[in-house]
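Chemist: Just one file: structure.pdb, with PDB, C-alpha atoms and all ligand atoms.
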ATOM      1  CA  MET I1439       0.000   0.000   0.000
ATOM      2  CA  SER I1440       1.272   3.475  -0.756
ATOM      3  CA  LEU I1441       1.873   6.030   1.962
ATOM      4  CA  ARG I1442      -0.943   8.542   2.377
ATOM      5  CA  VAL I1443       0.076  12.066   3.342
ATOM      6  CA  ALA I1444      -2.452  14.160   5.272
ATOM      7  CA  ARG I1445      -1.622  17.867   5.482
ATOM      8  CA  SER I1446      -4.778  18.997   7.215
ATOM      9  CA  ILE I1447      -6.485  17.960  10.438
ATOM     10  CA  ALA I1448      -9.682  17.267   8.464
ATOM     11  CA  ALA I1449      -7.893  14.958   6.001
ATOM     12  CA  LEU I1450      -6.223  13.035   8.815
ATOM     13  CA  ARG I1451      -9.547  12.643  10.642
ATOM     14  CA  ARG I1452     -11.219  11.299   7.493
ATOM     15  CA  TYR I1453      -8.435   8.773   7.043
ATOM     16  CA  VAL I1454      -8.519   7.548  10.630
ATOM     17  CA  THR I1455     -12.323   7.402  10.774
ATOM     18  CA  ALA I1456     -12.351   5.179   7.690
ATOM     19  CA  ALA I1457      -9.688   2.880   9.159
ATOM     20  CA  ARG I1458     -11.584   2.615  12.413
ATOM     21  CA  SER I1459     -14.853   1.833  10.629
ATOM     22  CA  ARG I1460     -13.033  -1.133   9.059
ATOM     23  CA  GLY I1461     -12.340  -2.277  12.609
ATOM     24  CA  GLN I1462      -8.628  -1.407  12.475
ATOM     25  CA  LYS I1463      -6.615  -0.509  15.565
ATOM     26  CA  ILE I1464      -4.684   2.748  15.230
ATOM     27  CA  GLY I1465      -1.016   2.935  16.277
ATOM     28  CA  PHE I1466       0.535   6.399  16.450
ATOM     29  CA  VAL I1467       4.141   7.641  16.480
ATOM     30  CA  PRO I1468       4.534  11.408  16.977
ATOM     31  CA  THR I1469       7.862  12.842  15.754
ATOM     32  CA  MET I1470       9.530  16.078  14.712
ATOM     33  CA  GLY I1471      11.081  14.437  11.646
ATOM     34  CA  ALA I1472      14.765  14.137  10.677
ATOM     35  CA  LEU I1473      14.038  10.473  11.138
ATOM     36  CA  HIS I1474      16.582   7.859  12.156
ATOM     37  CA  GLU I1475      16.574   4.243  13.300
ATOM     38  CA  GLY I1476      15.310   5.261  16.747
ATOM     39  CA  HIS I1477      12.112   6.645  15.215
ATOM     40  CA  LEU I1478      11.831   3.684  12.853
ATOM     41  CA  SER I1479      12.032   1.200  15.727
ATOM     42  CA  LEU I1480       8.862   2.824  17.130
ATOM     43  CA  VAL I1481       7.148   2.698  13.750
ATOM     44  CA  ARG I1482       8.029  -0.970  13.266
ATOM     45  CA  ARG I1483       6.648  -1.882  16.649
ATOM     46  CA  ALA I1484       3.476   0.096  15.904
ATOM     47  CA  ARG I1485       3.234  -1.866  12.636
ATOM     48  CA  LYS I1486       3.420  -5.134  14.537
ATOM     49  CA  ASP I1487       0.726  -4.150  17.022
ATOM     50  CA  ASN I1488      -1.796  -2.298  14.846
ATOM     51  CA  ALA I1489      -3.523  -2.643  11.459
ATOM     52  CA  CYS I1490      -3.240   1.092  10.825
ATOM     53  CA  VAL I1491      -0.120   3.138  11.641
ATOM     54  CA  VAL I1492      -0.039   6.941  11.653
ATOM     55  CA  VAL I1493       3.219   8.902  12.002
ATOM     56  CA  SER I1494       3.219  12.657  12.515
ATOM     57  CA  ILE I1495       6.015  15.044  11.619
ATOM     58  CA  PHE I1496       5.633  18.447  13.199
ATOM     59  CA  VAL I1497       8.416  20.655  14.520
ATOM     60  CA  ASN I1498       6.427  22.039  17.419
ATOM     61  CA  PRO I1499       7.298  25.701  18.069
ATOM     62  CA  LEU I1500       5.696  25.574  21.546
ATOM     63  CA  GLN I1501       8.368  23.277  22.940
ATOM     64  CA  PHE I1502      11.384  25.365  21.914
ATOM     65  CA  GLY I1503      12.651  28.174  24.128
ATOM     66  CA  PRO I1504      13.476  31.573  22.595
ATOM     67  CA  GLN I1505      17.209  30.773  22.586
ATOM     68  CA  GLU I1506      16.742  27.233  21.274
ATOM     69  CA  ASP I1507      17.090  25.658  17.840
ATOM     70  CA  TYR I1508      13.533  25.872  16.423
ATOM     71  CA  ARG I1509      14.659  27.624  13.251
ATOM     72  CA  ARG I1510      17.642  25.443  12.553
ATOM     73  CA  TYR I1511      16.063  22.146  13.662
ATOM     74  CA  PRO I1512      16.755  19.717  10.754
ATOM     75  CA  ARG I1513      13.823  19.484   8.322
ATOM     76  CA  THR I1514      14.242  16.594   5.897
ATOM     77  CA  LEU I1515      10.694  15.811   4.776
ATOM     78  CA  ALA I1516      11.489  14.270   1.373
ATOM     79  CA  ARG I1517      13.957  11.880   2.958
ATOM     80  CA  ASP I1518      11.619  11.115   5.886
ATOM     81  CA  ARG I1519       8.828  10.276   3.450
ATOM     82  CA  THR I1520      11.037   7.801   1.635
ATOM     83  CA  MET I1521      12.054   6.179   4.914
ATOM     84  CA  LEU I1522       8.396   5.775   5.889
ATOM     85  CA  ALA I1523       7.170   4.611   2.475
ATOM     86  CA  ASP I1524       6.764   0.970   3.473
ATOM     87  CA  ALA I1525       6.744   1.448   7.226
ATOM     88  CA  CYS I1526       3.450   3.215   7.940
ATOM     89  CA  ASP I1527       0.063   3.903   6.343
ATOM     90  CA  CYS I1528      -0.438   7.590   6.865
ATOM     91  CA  LEU I1529       1.917  10.501   7.449
ATOM     92  CA  PHE I1530       0.433  13.569   9.136
ATOM     93  CA  VAL I1531       2.310  16.813   8.427
ATOM     94  CA  PRO I1532       0.301  19.767   9.675
ATOM     95  CA  ASP I1533       1.747  23.269   9.471
ATOM     96  CA  ALA I1534       2.104  25.505  12.504
ATOM     97  CA  ARG I1535      -0.789  27.795  11.511
ATOM     98  CA  GLN I1536      -3.149  24.870  11.489
ATOM     99  CA  MET I1537      -2.033  23.579  14.863
ATOM    100  CA  TYR I1538      -1.935  26.985  16.549
ATOM    101  CA  GLY I1539      -4.360  29.552  15.212
ATOM    102  CA  PRO I1540      -3.856  33.241  16.076
ATOM    103  CA  GLU I1541      -6.249  32.980  19.048
ATOM    104  CA  PHE I1542      -4.648  29.854  20.540
ATOM    105  CA  ARG I1543      -4.380  30.061  24.334
ATOM    106  CA  THR I1544      -4.937  26.580  25.854
ATOM    107  CA  HIS I1545      -2.031  24.642  27.354
ATOM    108  CA  VAL I1546      -1.542  21.366  29.185
ATOM    109  CA  GLU I1547       0.711  21.352  32.228
ATOM    110  CA  VAL I1548       1.767  18.260  34.167
ATOM    111  CA  GLN I1549       2.283  20.041  37.452
ATOM    112  CA  GLY I1550       5.604  19.540  39.185
ATOM    113  CA  TRP I1551       7.032  17.429  36.364
ATOM    114  CA  SER I1552       7.663  20.198  33.851
ATOM    115  CA  ASP I1553      10.299  22.067  35.794
ATOM    116  CA  VAL I1554      12.471  19.207  37.078
ATOM    117  CA  TRP I1555      15.396  17.440  35.364
ATOM    118  CA  CYS I1556      15.413  18.608  31.742
ATOM    119  CA  GLY I1557      12.644  21.060  32.570
ATOM    120  CA  GLU I1558      14.900  23.015  34.883
ATOM    121  CA  SER I1559      16.992  24.386  32.040
ATOM    122  CA  ARG I1560      14.135  24.345  29.497
ATOM    123  CA  PRO I1561      11.261  26.343  30.986
ATOM    124  CA  GLY I1562       8.061  25.814  29.001
ATOM    125  CA  HIS I1563       9.467  22.862  27.082
ATOM    126  CA  PHE I1564       7.357  20.117  28.660
ATOM    127  CA  ARG I1565       4.263  22.285  28.647
ATOM    128  CA  GLY I1566       4.785  22.612  24.902
ATOM    129  CA  VAL I1567       5.269  18.852  24.550
ATOM    130  CA  ALA I1568       2.196  17.972  26.643
ATOM    131  CA  THR I1569       0.082  20.494  24.754
ATOM    132  CA  VAL I1570       1.048  19.297  21.291
ATOM    133  CA  VAL I1571       0.741  15.610  22.189
ATOM    134  CA  ALA I1572      -2.698  16.194  23.753
ATOM    135  CA  LYS I1573      -3.737  17.916  20.533
ATOM    136  CA  LEU I1574      -2.295  15.142  18.382
ATOM    137  CA  PHE I1575      -4.040  12.493  20.497
ATOM    138  CA  ASN I1576      -7.334  14.337  20.023
ATOM    139  CA  ILE I1577      -6.786  14.509  16.284
ATOM    140  CA  VAL I1578      -5.533  10.944  15.701
ATOM    141  CA  GLN I1579      -7.393   9.173  18.553
ATOM    142  CA  PRO I1580      -4.922   6.289  18.606
ATOM    143  CA  ASP I1581      -5.368   3.024  20.484
ATOM    144  CA  GLN I1582      -1.636   2.915  21.209
ATOM    145  CA  ALA I1583       1.094   5.540  20.989
ATOM    146  CA  TYR I1584       4.823   4.863  20.934
ATOM    147  CA  PHE I1585       7.610   6.811  22.636
ATOM    148  CA  GLY I1586      11.342   6.291  23.091
ATOM    149  CA  HIS I1587      13.057   5.583  26.401
ATOM    150  CA  LYS I1588      15.739   8.027  25.262
ATOM    151  CA  ASP I1589      13.431  10.867  26.271
ATOM    152  CA  ILE I1590      12.260   9.157  29.430
ATOM    153  CA  GLN I1591      10.959  12.253  31.209
ATOM    154  CA  GLN I1592       8.860  13.079  28.156
ATOM    155  CA  ALA I1593       7.488   9.528  27.858
ATOM    156  CA  LEU I1594       6.539   9.323  31.547
ATOM    157  CA  LEU I1595       5.001  12.783  31.440
ATOM    158  CA  ILE I1596       2.853  11.811  28.429
ATOM    159  CA  ARG I1597       1.760   8.658  30.224
ATOM    160  CA  ARG I1598       0.858  10.722  33.326
ATOM    161  CA  MET I1599      -1.056  13.241  31.219
ATOM    162  CA  SER I1600      -2.954  10.494  29.372
ATOM    163  CA  GLU I1601      -4.022   8.893  32.626
ATOM    164  CA  ASP I1602      -4.883  12.192  34.287
ATOM    165  CA  LEU I1603      -6.973  13.406  31.330
ATOM    166  CA  SER I1604      -8.454   9.938  30.568
ATOM    167  CA  PHE I1605      -7.177   9.653  27.028
ATOM    168  CA  PRO I1606      -8.146   6.140  25.866
ATOM    169  CA  VAL I1607      -4.624   5.401  24.635
ATOM    170  CA  LYS I1608      -1.992   2.915  25.762
ATOM    171  CA  ILE I1609       1.452   4.516  26.019
ATOM    172  CA  ARG I1610       4.257   2.183  24.944
ATOM    173  CA  ILE I1611       7.840   3.087  25.868
ATOM    174  CA  LEU I1612      10.476   1.350  23.730
ATOM    175  CA  PRO I1613      14.247   0.938  24.237
ATOM    176  CA  THR I1614      16.787   3.536  23.133
ATOM    177  CA  VAL I1615      18.383   2.757  19.774
ATOM    178  CA  ARG I1616      22.113   3.485  19.709
ATOM    179  CA  GLU I1617      24.864   3.995  17.132
ATOM    180  CA  PRO I1618      27.376   1.125  16.984
ATOM    181  CA  ASP I1619      29.687   3.087  19.328
ATOM    182  CA  GLY I1620      26.923   3.528  21.904
ATOM    183  CA  LEU I1621      25.793   7.120  21.274
ATOM    184  CA  ALA I1622      21.994   7.335  21.522
ATOM    185  CA  MET I1623      20.540   8.227  18.136
ATOM    186  CA  SER I1624      19.158  11.743  18.008
ATOM    187  CA  SER I1625      18.263  14.222  15.287
ATOM    188  CA  ARG I1626      20.523  16.679  17.143
ATOM    189  CA  ASN I1627      23.628  14.486  16.740
ATOM    190  CA  ALA I1628      23.903  16.076  13.284
ATOM    191  CA  TYR I1629      24.954  19.341  15.002
ATOM    192  CA  LEU I1630      28.079  17.782  16.538
ATOM    193  CA  SER I1631      31.523  18.583  15.119
ATOM    194  CA  HIS I1632      33.742  15.617  14.315
ATOM    195  CA  GLU I1633      35.669  16.101  17.556
ATOM    196  CA  HIS I1634      32.525  16.435  19.684
ATOM    197  CA  ARG I1635      30.932  13.434  17.985
ATOM    198  CA  GLN I1636      33.936  11.326  18.972
ATOM    199  CA  GLN I1637      33.956  12.591  22.536
ATOM    200  CA  ALA I1638      30.188  12.064  22.894
ATOM    201  CA  THR I1639      30.671   8.298  23.107
ATOM    202  CA  VAL I1640      31.713   8.946  26.702
ATOM    203  CA  ILE I1641      28.029   9.302  27.621
ATOM    204  CA  SER I1642      27.042   5.691  27.019
ATOM    205  CA  ARG I1643      30.269   4.511  28.647
ATOM    206  CA  ALA I1644      29.362   6.562  31.709
ATOM    207  CA  LEU I1645      25.923   4.928  31.811
ATOM    208  CA  ASP I1646      27.532   1.477  31.577
ATOM    209  CA  GLU I1647      29.789   2.491  34.450
ATOM    210  CA  ALA I1648      26.726   3.426  36.523
ATOM    211  CA  VAL I1649      25.050   0.052  35.910
ATOM    212  CA  LYS I1650      28.306  -1.719  36.776
ATOM    213  CA  THR I1651      28.696   0.290  39.971
ATOM    214  CA  VAL I1652      25.214  -0.705  41.109
ATOM    215  CA  ARG I1653      25.803  -4.337  40.150
ATOM    216  CA  GLU I1654      28.895  -4.307  42.371
ATOM    217  CA  GLY I1655      26.599  -3.517  45.273
ATOM    218  CA  ASN I1656      26.808   0.289  45.548
ATOM    219  CA  ARG I1657      23.324   1.640  46.065
ATOM    220  CA  ASP I1658      24.192   5.100  47.324
ATOM    221  CA  ALA I1659      23.035   7.496  44.590
ATOM    222  CA  GLU I1660      25.867   9.963  45.307
ATOM    223  CA  VAL I1661      28.479   7.255  44.791
ATOM    224  CA  VAL I1662      26.949   6.172  41.493
ATOM    225  CA  ILE I1663      26.642   9.772  40.263
ATOM    226  CA  GLY I1664      30.241  10.418  41.337
ATOM    227  CA  ARG I1665      31.467   7.562  39.139
ATOM    228  CA  VAL I1666      29.493   8.878  36.180
ATOM    229  CA  ARG I1667      30.876  12.385  36.672
ATOM    230  CA  GLN I1668      34.408  10.987  36.846
ATOM    231  CA  ARG I1669      33.920   9.046  33.620
ATOM    232  CA  LEU I1670      32.499  12.093  31.824
ATOM    233  CA  ARG I1671      35.607  14.089  32.763
ATOM    234  CA  GLN I1672      37.495  11.920  30.242
ATOM    235  CA  ALA I1673      35.870  14.048  27.533
ATOM    236  CA  SER I1674      37.565  17.450  27.728
ATOM    237  CA  GLU I1675      34.732  19.214  25.882
ATOM    238  CA  ALA I1676      31.847  17.708  27.861
ATOM    239  CA  SER I1677      29.994  20.139  30.078
ATOM    240  CA  VAL I1678      27.551  18.464  32.448
ATOM    241  CA  GLU I1679      24.181  20.170  32.847
ATOM    242  CA  TYR I1680      22.792  17.644  35.297
ATOM    243  CA  ILE I1681      23.175  14.038  36.416
ATOM    244  CA  GLY I1682      20.584  12.493  38.691
ATOM    245  CA  ILE I1683      18.826   9.333  39.725
ATOM    246  CA  MET I1684      15.048   9.343  39.839
ATOM    247  CA  ASP I1685      12.108   7.177  40.753
ATOM    248  CA  PRO I1686      10.110   6.409  37.569
ATOM    249  CA  VAL I1687       6.753   6.696  39.345
ATOM    250  CA  THR I1688       7.217  10.035  41.107
ATOM    251  CA  LEU I1689      10.174  11.490  39.140
ATOM    252  CA  ASP I1690      11.626  12.333  42.561
ATOM    253  CA  LYS I1691      15.349  12.216  43.215
ATOM    254  CA  VAL I1692      16.355   9.029  45.050
ATOM    255  CA  ARG I1693      19.092   8.621  47.631
ATOM    256  CA  MET I1694      19.271   4.833  47.502
ATOM    257  CA  VAL I1695      19.097   3.068  44.154
ATOM    258  CA  GLU I1696      16.250   0.582  43.544
ATOM    259  CA  ARG I1697      15.862  -1.863  40.651
ATOM    260  CA  SER I1698      13.615   0.533  38.743
ATOM    261  CA  SER I1699      15.624   3.704  39.452
ATOM    262  CA  ILE I1700      16.675   5.624  36.372
ATOM    263  CA  LEU I1701      19.925   7.516  36.000
ATOM    264  CA  LEU I1702      19.457  10.431  33.636
ATOM    265  CA  LEU I1703      21.757  13.162  32.430
ATOM    266  CA  ALA I1704      22.174  16.088  30.086
ATOM    267  CA  VAL I1705      25.590  16.980  28.722
ATOM    268  CA  ARG I1706      26.598  19.780  26.376
ATOM    269  CA  PHE I1707      29.236  19.626  23.695
ATOM    270  CA  GLY I1708      29.576  23.210  22.481
ATOM    271  CA  ASN I1709      26.038  24.380  21.746
ATOM    272  CA  THR I1710      24.654  20.881  21.394
ATOM    273  CA  ARG I1711      22.768  19.445  24.323
ATOM    274  CA  LEU I1712      22.599  15.652  24.491
ATOM    275  CA  ILE I1713      20.479  13.593  26.886
ATOM    276  CA  ASP I1714      20.585   9.931  27.797
ATOM    277  CA  ASN I1715      19.499   7.607  30.608
ATOM    278  CA  CYS I1716      19.464   4.016  31.795
ATOM    279  CA  VAL I1717      17.554   1.847  34.225
ATOM    280  CA  LEU I1718      20.061   1.001  36.947
ATOM    281  CA  GLY I1719      18.681  -2.357  38.050
ATOM    282  CA  GLU I1720      18.684  -3.856  34.553
ATOM    283  CA  SER I1721      21.589  -5.939  33.377
TER
HETATM  284  P1  LIG I1801      11.465  13.496  18.307
HETATM  285  O1  LIG I1801      12.674  14.030  18.975
HETATM  286  O2  LIG I1801      11.409  13.515  16.804
HETATM  287  O3  LIG I1801      11.251  12.021  18.801
HETATM  288  C1  LIG I1801      10.114  11.279  18.418
HETATM  289  C2  LIG I1801      10.100   9.992  19.222
HETATM  290  O4  LIG I1801      11.254   9.216  18.890
HETATM  291  C3  LIG I1801      10.142  10.243  20.729
HETATM  292  O5  LIG I1801       9.250   9.363  21.388
HETATM  293  C4  LIG I1801      11.590   9.933  21.066
HETATM  294  O6  LIG I1801      11.777   9.505  22.405
HETATM  295  C5  LIG I1801      11.873   8.809  20.089
HETATM  296  N1  LIG I1801      13.320   8.632  19.899
HETATM  297  C6  LIG I1801      14.233   9.589  19.602
HETATM  298  N2  LIG I1801      15.482   9.061  19.580
HETATM  299  C7  LIG I1801      15.348   7.747  19.879
HETATM  300  C8  LIG I1801      16.264   6.660  20.027
HETATM  301  N3  LIG I1801      17.566   6.827  19.858
HETATM  302  N4  LIG I1801      15.757   5.445  20.362
HETATM  303  C9  LIG I1801      14.431   5.267  20.551
HETATM  304  N5  LIG I1801      13.515   6.254  20.415
HETATM  305  C10 LIG I1801      13.962   7.473  20.087
HETATM  306  O7  LIG I1801      10.233  13.703  20.981
HETATM  307  C11 LIG I1801       9.776  14.414  20.100
HETATM  308  O8  LIG I1801      10.152  14.302  18.799
HETATM  309  C12 LIG I1801       8.735  15.499  20.381
HETATM  310  O9  LIG I1801       8.941  16.009  21.652
HETATM  311  C13 LIG I1801       7.275  14.992  20.209
HETATM  312  C14 LIG I1801       6.942  13.871  21.176
HETATM  313  C15 LIG I1801       7.034  14.543  18.751
HETATM  314  C16 LIG I1801       6.310  16.175  20.502
HETATM  315  O10 LIG I1801       6.559  17.258  19.679
END
Spell out the structure here as structure tokens.
Ligand code: PAJ
Modeler:
Amino acid sequence: MSLRVARSIAALRRYVTAARSRGQKIGFVPTMGALHEGHLSLVRRARKDNACVVVSIFVNPLQFGPQEDYRRYPRTLARDRTMLADACDCLFVPDARQMYGPEFRTHVEVQGWSDVWCGESRPGHFRGVATVVAKLFNIVQPDQAYFGHKDIQQALLIRRMSEDLSFPVKIRILPTVREPDGLAMSSRNAYLSHEHRQQATVISRALDEAVKTVREGNRDAEVVIGRVRQRLRQASEASVEYIGIMDPVTLDKVRMVERSSILLLAVRFGNTRLIDNCVLGES
């Protein structure tokens, strides 16, 4: 089947309504484009689970701060379309005017979760994410929606929002896809200079170090974070924004590591901010 492209909310709704009337389950993967294997892993899983798969590509202005990279965020629609040709049924590419009319003033806020961890240095970011995803869920009305573990705070926040607002959607969180040298795939990796790209492999090594430290019996969060910090110092250009260990249910900082605790970090190389995380109790 050929890939359908819906550019308007009305066209997307018509497509999904028809699929649903045929009794098909709808799987949905929201993205901002510049697709890579990480995105495709979500699409493939959606394909497995659902008869109808919708992918959206929308660089959401609401989730970028004034000093952030909204304008220069990579836009590679022709290439993305080719990558999705056999992977999904319908591609939704609304423009910003359609998503946010001139009178737009309604936002979704997951209280207390928008200003911690990544939210601390990105005020408004998670409000922008929650708002656009709520809108997309209302438009697509998926049975299941797929998110990457790489952006764990985002995925948990969307799950919280969906439960709190009673969206009838199952949120699936899938593993982080990595480059062969361990760097988590990200559309922003394209910003890295050759030197920074090489140094950035330190991040996944630091996460491995954290898992190893816990496996050796160290459960004190400060000790684990100390090891990660030490490992990151091997990269002369790495500037740590934060490193922390959180509880995946509350997003609170933990002092003693549990099986489900998640170590998460943000590190800058020049102007490029990279994030990554791992579950500490998993081998
Ligand atoms: P984007 O950065 O394009 O990511 C889309 C989805 O792909 C997210 O769920 C993200 O976690 C997932 N993803 C990115 N890199 C991944 C990797 N290496 N492995 C596995 N999954 C990966 O996240 C967004 O867009 C936006 O905030 C969005 C949710 C679309 C709202 O605008």
Chemist: Write out as a PyMOL selection string each polymer residue (protein, DNA or RNA) that has an atom no more than 8 Å from ligand LIG 1801 (chain I), with all atoms listed in the file counted.
Modeler: chain I and resi 1467-1477+1479-1480+1494-1498+1501+1566-1568+1570-1571+1584-1590+1592-1593+1611-1616+1622-1625
Chemist: I'd like to know which of I:Leu1574, I:Cys1528, I:Ala1583, I:Ile1447 is closest to I:Ala1484, using all atoms listed in the file.
Modeler: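 Closest candidate: I:Ala1583.
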Chemist: Selection in question (the file shown): the PyMOL selection byres (((chain I and resi 1609) around 6) and not hetatm). Which residues does it include, as a PyMOL selection string?
Modeler: chain I and resi 1582-1583+1597+1608+1610
Chemist: Using the chain letters and numbers from the file, give me the residues hit by the PyMOL selection byres (((chain I and resi 1710) around 12) and not hetatm), as an MDAnalysis selection string.
Modeler: chainID I and resid 1506:1507 1511 1624:1631 1634:1635 1638 1675:1679 1704:1709 1711:1713
Chemist: Work out how far apart atom CA of I:Val1695 and atom CA of I:Arg1657 are and give it in Å to one decimal.
Modeler: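 Separation between atom CA of I:Val1695 and atom CA of I:Arg1657: 4.9 Å.
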Chemist: Evaluating the PyMOL selection byres (((chain I and resi 1565) around 12) and not hetatm) on the displayed file yields which residues, as a PyMOL selection string?
Modeler: chain I and resi 1498-1503+1544-1553+1557+1560-1564+1566-1572+1592+1595-1596+1599
Chemist: How would the residues just chosen look if you wrote them out with C-alpha atoms as an mmCIF file, keeping the file's coordinate frame?
Modeler:
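So the final result, stored in result-v9.cif, reads:
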data_model
loop_
_atom_site.group_PDB
_atom_site.id
_atom_site.type_symbol
_atom_site.label_atom_id
_atom_site.label_comp_id
_atom_site.auth_asym_id
_atom_site.auth_seq_id
_atom_site.Cartn_x
_atom_site.Cartn_y
_atom_site.Cartn_z
ATOM 1 C CA ASN I 1498 6.427 22.039 17.419
ATOM 2 C CA PRO I 1499 7.298 25.701 18.069
ATOM 3 C CA LEU I 1500 5.696 25.574 21.546
ATOM 4 C CA GLN I 1501 8.368 23.277 22.940
ATOM 5 C CA PHE I 1502 11.384 25.365 21.914
ATOM 6 C CA GLY I 1503 12.651 28.174 24.128
ATOM 7 C CA THR I 1544 -4.937 26.580 25.854
ATOM 8 C CA HIS I 1545 -2.031 24.642 27.354
ATOM 9 C CA VAL I 1546 -1.542 21.366 29.185
ATOM 10 C CA GLU I 1547 0.711 21.352 32.228
ATOM 11 C CA VAL I 1548 1.767 18.260 34.167
ATOM 12 C CA GLN I 1549 2.283 20.041 37.452
ATOM 13 C CA GLY I 1550 5.604 19.540 39.185
ATOM 14 C CA TRP I 1551 7.032 17.429 36.364
ATOM 15 C CA SER I 1552 7.663 20.198 33.851
ATOM 16 C CA ASP I 1553 10.299 22.067 35.794
ATOM 17 C CA GLY I 1557 12.644 21.060 32.570
ATOM 18 C CA ARG I 1560 14.135 24.345 29.497
ATOM 19 C CA PRO I 1561 11.261 26.343 30.986
ATOM 20 C CA GLY I 1562 8.061 25.814 29.001
ATOM 21 C CA HIS I 1563 9.467 22.862 27.082
ATOM 22 C CA PHE I 1564 7.357 20.117 28.660
ATOM 23 C CA GLY I 1566 4.785 22.612 24.902
ATOM 24 C CA VAL I 1567 5.269 18.852 24.550
ATOM 25 C CA ALA I 1568 2.196 17.972 26.643
ATOM 26 C CA THR I 1569 0.082 20.494 24.754
ATOM 27 C CA VAL I 1570 1.048 19.297 21.291
ATOM 28 C CA VAL I 1571 0.741 15.610 22.189
ATOM 29 C CA ALA I 1572 -2.698 16.194 23.753
ATOM 30 C CA GLN I 1592 8.860 13.079 28.156
ATOM 31 C CA LEU I 1595 5.001 12.783 31.440
ATOM 32 C CA ILE I 1596 2.853 11.811 28.429
ATOM 33 C CA MET I 1599 -1.056 13.241 31.219
#
Chemist: Using all atoms listed in the file, what table do you get, as a tab-separated table, when you list each residue of stretch 1466-1565 of chain I with an atom no more than 10 Å from stretch 1577-1581 of chain I, its nearest pair of atoms, and their distance in Å rounded to one decimal, rows by chain then rising number?
Modeler:
residue	atom	partner	partner_atom	distance
I:Phe1466	CA	I:Pro1580	CA	5.9
I:Val1467	CA	I:Pro1580	CA	9.4
I:Asn1488	CA	I:Asp1581	CA	8.5
I:Cys1490	CA	I:Pro1580	CA	9.5
I:Val1491	CA	I:Pro1580	CA	9.0
I:Val1492	CA	I:Val1578	CA	7.9
I:Val1493	CA	I:Val1578	CA	9.7
I:Ser1494	CA	I:Val1578	CA	9.5
I:Phe1530	CA	I:Val1578	CA	9.3
